[in-house]
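Quick notes on the structure that follows.
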Amino acid sequence: MPQNFDADVAVIGYGPTGVVGALTLAQQGARVIAFERDREIYPRARAVTVNDWTMRIFQSLGIGERIEKVIDPQRALRWVTYDGHEVMRIEHPPSALGARARFYNIYQPVMESELRSCAQDQGDLISVRYGAEVTEIEQDDSGVTVTTTDTATGQVHRYRTRYAIAADGGSSRTRQRLGIQLLGDTNEVTWVVIDCRVKRWWPDRDFLTFWTDKERPVVDIALSAGNHRWEIPLKPDETEADFPTGTEVWRLLEALGVSEDDVEIHQHAFYRHHVRMAHTWRSGRVFLAGDAAHLMPPWAGAGMQTGMRDAHNLGWKLGRVLAGRLPESWLDTYEAERRPNAAFYTGLAVQLGRVIEQKISDEEAAALSAPPPEGLVTPFEPPLIAPPVLEGGWLRGPLGDASIVGRMVPQPVVGDTVGRMVRLDELLGDTFVLLGDDVDPSTLLTGEERRQWDALGARYCAVRPQNAYTHGPDELVDLDGVLGPWLRRYGVRAVAVRPDRFVAAADTSGLAVPA
């Protein structure tokens, strides 16, 4: 029996995770209706950074250049004691993923506003209901019914969609209505976040500095758009009531050597660190994403980014399922791929927090600065800045240091057969692609393998060296000399690359479509 749907997907919560989910779905032609309880963007700066992986997602959505205009490249990270001893520093090498920098500082209200503006350009594909609080969610075998109440008028509406994404934050009422447990702990220490407007430059302001101390560790970070932030823990004998206005907050900044000549306090707020994850990210046709699925301390700068990556991973798959280009079983790969990555960044954030709070042993501190193991195939980079790797999901072949499977393909500048020179993704397009090192990868497939990749709409591209001729229209030239050496490092002639640019398979372990 035919049904009338108001949209293909309901997105509950329209912060960065919800917006990226909506944009990714719209890119696949899916119709989205988003519900946001608040009528205005949350005015406080929460997240502080994005990296080149996130920027590559923005690029794939066609909004990278717009977002880059409202954020600033980040110089480096350092961990410093109050007596001036530098415990650790992480310099940011050039990005291999096609971005101008590895890390960027952001001012979330500004970046979030630009994200929403980008979504408005999608026209009828993305419809947003602001001031709409979701009060009920029901589902059956064919769809989801979302009930909302207008926060101003009390008017009740019901909407019917095929699927729903709950991106409504750490206190997600959708998660609670679905009966999904949020497992983990909350740190008892309260932190005050102090957002300031910059009045002048001071030495090394552009470092992201962690002042390590057992009693009063501090996060000291430049934000974009002329803002700066300090995050400071309250002592056991201090409470939020001790800092009702900026006047009381000023003494915390003055203790760090910050004066009214440097900044003016814009706002301050209090929060606690959470280490929590939902026991499942899916209930039937409803998926959790972002803080609704996982909460982590801020030390790795990955909370908001992990949510946007969730939304992108789910969005490109769900959009293709809705369009009939992928089977529904593909949706099972969402949590299989995203949960390990969220757990990785959560663990990394916890460990970095122990450094900042001086809770690690001398042996652990020495291990952090120890040289990398010898004999690695993949060049070592600190986990915080290393390119992303999938630990499971829609992949074929072994994983690990010596394997190319699960890695994100670099994005150098490449040429096409008529002389254009652009970043790799602009030539690959939004599809599955098989890349061959100076060989047509389709020639390495059996007839059945070719039929399977053709069914996914895959392209086949030979990657030619810069000093060679091209031979056909579907080839590219490795102008920077990056792709060929990268493939040969892992001993492969060809790889299958997913639309999100992760390697799904390689000829060394079989180029058949992953099961």
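Scheme for the structure tokens: letters A, B, ... for chains in order shown; per-chain residue numbers from 1; ligand numbers from 1 in order shown.
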Handout entry: Those of segment 410-503 of chain A in DSSP strand (DSSP E or B), formatted as a VMD selection string
Key = chain A and resid 413 to 415 421 to 423 433 to 437 459 to 465 475 to 478 494 to 497 502 to 503
Saved selection, atoms kept: C-alpha atoms, as a short mmCIF file (atom, residue, chain, number, x, y, z; two decimals), in the first residue's frame:
```cif
data_model
loop_
_atom_site.label_atom_id
_atom_site.label_comp_id
_atom_site.auth_asym_id
_atom_site.auth_seq_id
_atom_site.Cartn_x
_atom_site.Cartn_y
_atom_site.Cartn_z
CA VAL A 413 47.03 17.90 -7.14
CA VAL A 414 46.50 15.75 -10.22
CA GLY A 415 45.97 16.38 -13.90
CA MET A 421 45.16 20.51 -12.64
CA VAL A 422 42.97 20.10 -9.53
CA ARG A 423 42.80 18.25 -6.25
CA VAL A 433 36.74 4.39 -7.93
CA LEU A 434 39.40 1.81 -8.66
CA LEU A 435 42.87 3.34 -9.06
CA GLY A 436 45.74 1.55 -10.78
CA ASP A 437 49.43 2.42 -10.55
CA ARG A 459 34.93 4.20 -12.23
CA TYR A 460 38.30 2.78 -13.31
CA CYS A 461 41.27 5.16 -13.43
CA ALA A 462 44.88 4.54 -14.35
CA VAL A 463 47.23 6.82 -12.40
CA ARG A 464 49.98 7.83 -14.83
CA PRO A 465 53.31 9.33 -13.75
CA GLU A 475 43.01 8.53 -16.52
CA LEU A 476 44.78 11.00 -14.27
CA VAL A 477 48.32 12.26 -13.96
CA ASP A 478 50.16 12.12 -10.63
CA ALA A 494 45.51 -1.19 -7.63
CA VAL A 495 43.05 -0.23 -4.93
CA ALA A 496 39.30 0.19 -4.66
CA VAL A 497 38.40 3.54 -3.08
CA PHE A 502 38.94 5.08 2.31
CA VAL A 503 40.55 2.11 0.59
#
```
Handout entry: Residue contacts of segment 318-329 of chain A (9 Å, only C-alpha atoms) excluding same-chain residues fewer than 3 positions away, as a VMD selection string
Key = chain A and resid 8 24 to 30 162 to 163 313 to 315 332 to 333 455 to 457
Practice task
Write out as a ChimeraX atom specification the residues lying within 9 Å of Arg205 of chain A, counting only C-alpha atoms and excluding same-chain residues fewer than 4 positions away.
Solution key: /A:201,209,220-222,228
Please build the interface table for segment 391-484 of chain A against segment 375-385 of chain A with a cut-off of 9 Å, listing for each qualifying residue the nearest atom pair and the distance in Å to one decimal; count only C-alpha atoms, order rows by chain and increasing number, and write it as JSON lines.
```
{"residue": "A:Asp401", "atom": "CA", "partner": "A:Thr378", "partner_atom": "CA", "distance": 5.8}
{"residue": "A:Ala402", "atom": "CA", "partner": "A:Val377", "partner_atom": "CA", "distance": 5.3}
{"residue": "A:Ser403", "atom": "CA", "partner": "A:Val377", "partner_atom": "CA", "distance": 8.4}
```
Output for the residues just chosen: N, CA and C atoms as a PDB file, in the first residue's frame:
```
ATOM      1  N   ASP A 401      49.741  -1.887  10.040  1.00  0.00           N
ATOM      2  CA  ASP A 401      50.789  -0.995   9.552  1.00  0.00           C
ATOM      3  C   ASP A 401      51.156  -1.259   8.099  1.00  0.00           C
ATOM      4  N   ALA A 402      51.299  -2.520   7.708  1.00  0.00           N
ATOM      5  CA  ALA A 402      51.803  -2.859   6.383  1.00  0.00           C
ATOM      6  C   ALA A 402      50.709  -2.945   5.328  1.00  0.00           C
ATOM      7  N   SER A 403      49.463  -2.682   5.699  1.00  0.00           N
ATOM      8  CA  SER A 403      48.349  -2.812   4.760  1.00  0.00           C
ATOM      9  C   SER A 403      47.806  -1.455   4.354  1.00  0.00           C
TER      10      SER A 403
END
```
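Using only C-alpha atoms, the contacts of Ala225 of chain A at a cut-off of 9 Å, with sequence neighbours closer than 5 positions omitted, comprise Val70, Ile71, Asp72, Ile106, Tyr107, Val110 and Arg197 of chain A.
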Practice task
Please return as a ChimeraX atom specification: the residues of segment 84-256 of chain A that backbone DSSP assigns to alpha helix (DSSP H).
Solution key: /A:108-120,173-177,246-254
Selected residues written out with N, CA and C atoms, as a compact mmCIF listing (two decimals), in the first residue's frame:
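Dumped everything to part.txt:
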```txt
# COMPACT_ATOMS: atom_id res chain seq x y z
N GLN A 108 33.03 28.34 16.99
CA GLN A 108 31.92 27.49 16.58
C GLN A 108 30.66 28.25 16.16
N PRO A 109 30.23 29.28 16.90
CA PRO A 109 29.01 29.96 16.44
C PRO A 109 29.12 30.50 15.00
N VAL A 110 30.31 30.99 14.63
CA VAL A 110 30.49 31.52 13.28
C VAL A 110 30.52 30.39 12.26
N MET A 111 31.28 29.32 12.55
CA MET A 111 31.35 28.21 11.62
C MET A 111 30.00 27.53 11.46
N GLU A 112 29.29 27.38 12.58
CA GLU A 112 27.99 26.73 12.53
C GLU A 112 27.00 27.56 11.71
N SER A 113 27.07 28.87 11.83
CA SER A 113 26.21 29.73 11.03
C SER A 113 26.50 29.55 9.55
N GLU A 114 27.78 29.43 9.20
CA GLU A 114 28.13 29.23 7.78
C GLU A 114 27.65 27.87 7.29
N LEU A 115 27.74 26.85 8.13
CA LEU A 115 27.24 25.53 7.75
C LEU A 115 25.74 25.60 7.44
N ARG A 116 25.00 26.26 8.30
CA ARG A 116 23.56 26.37 8.06
C ARG A 116 23.26 27.17 6.80
N SER A 117 24.06 28.19 6.55
CA SER A 117 23.87 28.96 5.33
C SER A 117 24.11 28.09 4.10
N CYS A 118 25.12 27.23 4.17
CA CYS A 118 25.37 26.30 3.06
C CYS A 118 24.18 25.37 2.85
N ALA A 119 23.59 24.92 3.94
CA ALA A 119 22.44 24.02 3.83
C ALA A 119 21.23 24.71 3.22
N GLN A 120 21.08 26.00 3.50
CA GLN A 120 19.95 26.74 2.91
C GLN A 120 20.01 26.74 1.39
N ARG A 173 17.03 13.27 24.11
CA ARG A 173 15.75 12.71 24.52
C ARG A 173 15.31 11.60 23.57
N THR A 174 15.77 11.68 22.34
CA THR A 174 15.45 10.60 21.39
C THR A 174 16.08 9.31 21.87
N ARG A 175 17.34 9.37 22.25
CA ARG A 175 18.02 8.17 22.77
C ARG A 175 17.27 7.61 23.97
N GLN A 176 16.81 8.50 24.85
CA GLN A 176 16.08 8.06 26.03
C GLN A 176 14.76 7.41 25.63
N ARG A 177 14.06 8.00 24.67
CA ARG A 177 12.77 7.43 24.23
C ARG A 177 12.95 6.06 23.60
N GLY A 246 31.89 38.38 35.13
CA GLY A 246 33.25 38.49 34.61
C GLY A 246 34.23 39.05 35.62
N THR A 247 33.76 39.83 36.55
CA THR A 247 34.66 40.42 37.56
C THR A 247 35.36 39.33 38.35
N GLU A 248 34.63 38.32 38.79
CA GLU A 248 35.23 37.22 39.54
C GLU A 248 36.07 36.33 38.64
N VAL A 249 35.67 36.18 37.38
CA VAL A 249 36.43 35.34 36.45
C VAL A 249 37.79 35.96 36.15
N TRP A 250 37.87 37.28 36.18
CA TRP A 250 39.12 37.95 35.82
C TRP A 250 40.29 37.50 36.68
N ARG A 251 40.06 37.19 37.95
CA ARG A 251 41.20 36.81 38.78
C ARG A 251 41.82 35.49 38.33
N LEU A 252 41.03 34.63 37.68
CA LEU A 252 41.59 33.40 37.13
C LEU A 252 42.53 33.71 35.97
N LEU A 253 42.13 34.66 35.10
CA LEU A 253 42.98 35.03 33.98
C LEU A 253 44.21 35.80 34.45
N GLU A 254 44.05 36.67 35.43
CA GLU A 254 45.18 37.45 35.92
C GLU A 254 46.26 36.56 36.51
```
Exercise for the section: Go through A:Arg39, A:Arg407, A:Arg129, A:Arg285 and flag the residue nearest Ser142 of chain A, using only C-alpha atoms for the distances. Expected result: A:Arg285
Practice task
Could you please determine the separation between atom CA of Leu352 of chain A and atom CA of Leu295 of chain A in Å, to one decimal place?
Solution key: 15.6 Å
Exercise for the section: Compile the contact shell of Glu364 of chain A as a list in words: residues with an atom at most 12 Å away, counting only C-alpha atoms, same-chain residues fewer than 4 positions apart removed. Expected result: Gln351, Leu352, Arg354, Val355, Gln358, Lys359, Ile360, Leu368, Ser369 and Ala370 of chain A
Problem - Gap from atom CA of His279 of chain A to atom CA of Tyr14 of chain A - Å, one decimal - result: 23.0 Å
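The shortest atom-to-atom distance to Val189 of chain A, with only C-alpha atoms taken into account, belongs to A:Leu234 out of A:Val32, A:Val286, A:Ala152, A:Leu234.
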Listing only residues of segment 214-312 of chain A within 6 Å of segment 16-21 of chain A, what is the closest atom pair and its distance in Å (to one decimal) for each, using only C-alpha atoms, sorted by chain and residue number ascending, as JSON lines?
```
{"residue": "A:Gly307", "atom": "CA", "partner": "A:Thr17", "partner_atom": "CA", "distance": 5.2}
{"residue": "A:Met308", "atom": "CA", "partner": "A:Thr17", "partner_atom": "CA", "distance": 4.5}
{"residue": "A:Ala311", "atom": "CA", "partner": "A:Gly21", "partner_atom": "CA", "distance": 4.4}
{"residue": "A:His312", "atom": "CA", "partner": "A:Gly21", "partner_atom": "CA", "distance": 5.7}
```
Restricted to all heavy atoms, what would the selected residues look like written as an mmCIF file, in the first residue's frame?
```cif
data_model
loop_
_atom_site.group_PDB
_atom_site.id
_atom_site.type_symbol
_atom_site.label_atom_id
_atom_site.label_comp_id
_atom_site.auth_asym_id
_atom_site.auth_seq_id
_atom_site.Cartn_x
_atom_site.Cartn_y
_atom_site.Cartn_z
ATOM 1 N N GLY A 307 31.296 13.685 15.634
ATOM 2 C CA GLY A 307 29.886 13.717 15.277
ATOM 3 C C GLY A 307 29.666 14.012 13.803
ATOM 4 O O GLY A 307 28.830 13.376 13.143
ATOM 5 N N MET A 308 30.393 14.973 13.264
ATOM 6 C CA MET A 308 30.236 15.289 11.845
ATOM 7 C C MET A 308 30.692 14.129 10.973
ATOM 8 O O MET A 308 30.101 13.864 9.907
ATOM 9 C CB MET A 308 31.009 16.567 11.516
ATOM 10 C CG MET A 308 30.412 17.816 12.152
ATOM 11 S SD MET A 308 31.092 19.374 11.531
ATOM 12 C CE MET A 308 32.756 19.296 12.198
ATOM 13 N N ALA A 311 27.926 11.606 10.897
ATOM 14 C CA ALA A 311 26.839 12.022 10.015
ATOM 15 C C ALA A 311 27.199 11.832 8.552
ATOM 16 O O ALA A 311 26.352 11.429 7.744
ATOM 17 C CB ALA A 311 26.485 13.485 10.287
ATOM 18 N N HIS A 312 28.446 12.107 8.206
ATOM 19 C CA HIS A 312 28.862 11.929 6.817
ATOM 20 C C HIS A 312 28.882 10.455 6.444
ATOM 21 O O HIS A 312 28.402 10.059 5.368
ATOM 22 C CB HIS A 312 30.247 12.550 6.610
ATOM 23 C CG HIS A 312 30.724 12.465 5.199
ATOM 24 N ND1 HIS A 312 31.739 11.625 4.792
ATOM 25 C CD2 HIS A 312 30.322 13.120 4.076
ATOM 26 C CE1 HIS A 312 31.942 11.759 3.506
ATOM 27 N NE2 HIS A 312 31.102 12.658 3.042
#
```
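In this structure, atom CA of Pro387 of chain A sits 28.7 Å away from atom CA of Leu445 of chain A.
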Handout entry: Neighbour list for Met304 of chain A as number ranges by chain, cut-off 9 Å, only C-alpha atoms, skip fewer than 4 positions in-chain
Key = A: 16-17, 46-50, 290-291, 308-309
Requested write-out: N, CA, C and O atoms of the selected residues, as a compact mmCIF listing (two decimals), in the first residue's frame:
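After the write, result05.txt holds the following:
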```
# COMPACT_ATOMS: atom_id res chain seq x y z
N PRO A 16 26.14 21.08 14.33
CA PRO A 16 27.04 20.67 13.24
C PRO A 16 26.82 19.24 12.76
O PRO A 16 26.86 18.97 11.56
N THR A 17 26.56 18.31 13.68
CA THR A 17 26.32 16.92 13.26
C THR A 17 25.07 16.83 12.40
O THR A 17 25.08 16.21 11.32
N ARG A 46 31.92 26.09 21.80
CA ARG A 46 32.15 24.78 22.44
C ARG A 46 33.36 24.11 21.80
O ARG A 46 34.43 24.06 22.38
N ALA A 47 33.20 23.58 20.59
CA ALA A 47 34.35 22.99 19.90
C ALA A 47 35.33 24.09 19.50
O ALA A 47 34.95 25.25 19.32
N VAL A 48 36.60 23.73 19.36
CA VAL A 48 37.62 24.73 19.09
C VAL A 48 38.45 24.45 17.83
O VAL A 48 39.22 25.31 17.40
N THR A 49 38.29 23.27 17.23
CA THR A 49 39.20 22.94 16.14
C THR A 49 38.56 21.97 15.16
O THR A 49 37.65 21.21 15.50
N VAL A 50 39.03 22.00 13.92
CA VAL A 50 38.76 20.96 12.93
C VAL A 50 40.08 20.62 12.25
O VAL A 50 41.01 21.43 12.23
N GLY A 290 26.82 11.70 16.71
CA GLY A 290 27.39 12.76 17.51
C GLY A 290 27.27 12.49 19.00
O GLY A 290 27.33 11.35 19.46
N ASP A 291 27.07 13.57 19.77
CA ASP A 291 27.01 13.43 21.23
C ASP A 291 25.87 12.53 21.69
O ASP A 291 25.91 12.01 22.81
N MET A 308 30.39 14.97 13.26
CA MET A 308 30.24 15.29 11.85
C MET A 308 30.69 14.13 10.97
O MET A 308 30.10 13.86 9.91
N ARG A 309 31.72 13.41 11.42
CA ARG A 309 32.17 12.23 10.66
C ARG A 309 31.14 11.11 10.72
O ARG A 309 30.93 10.39 9.75
```
Practice task
Write out as number ranges by chain the residues lying within 9 Å of segment 388-399 of chain A, counting only C-alpha atoms and excluding same-chain residues fewer than 6 positions away.
Solution key: A: 53, 330, 332-338, 340-341, 405-408, 502-506, 508-515
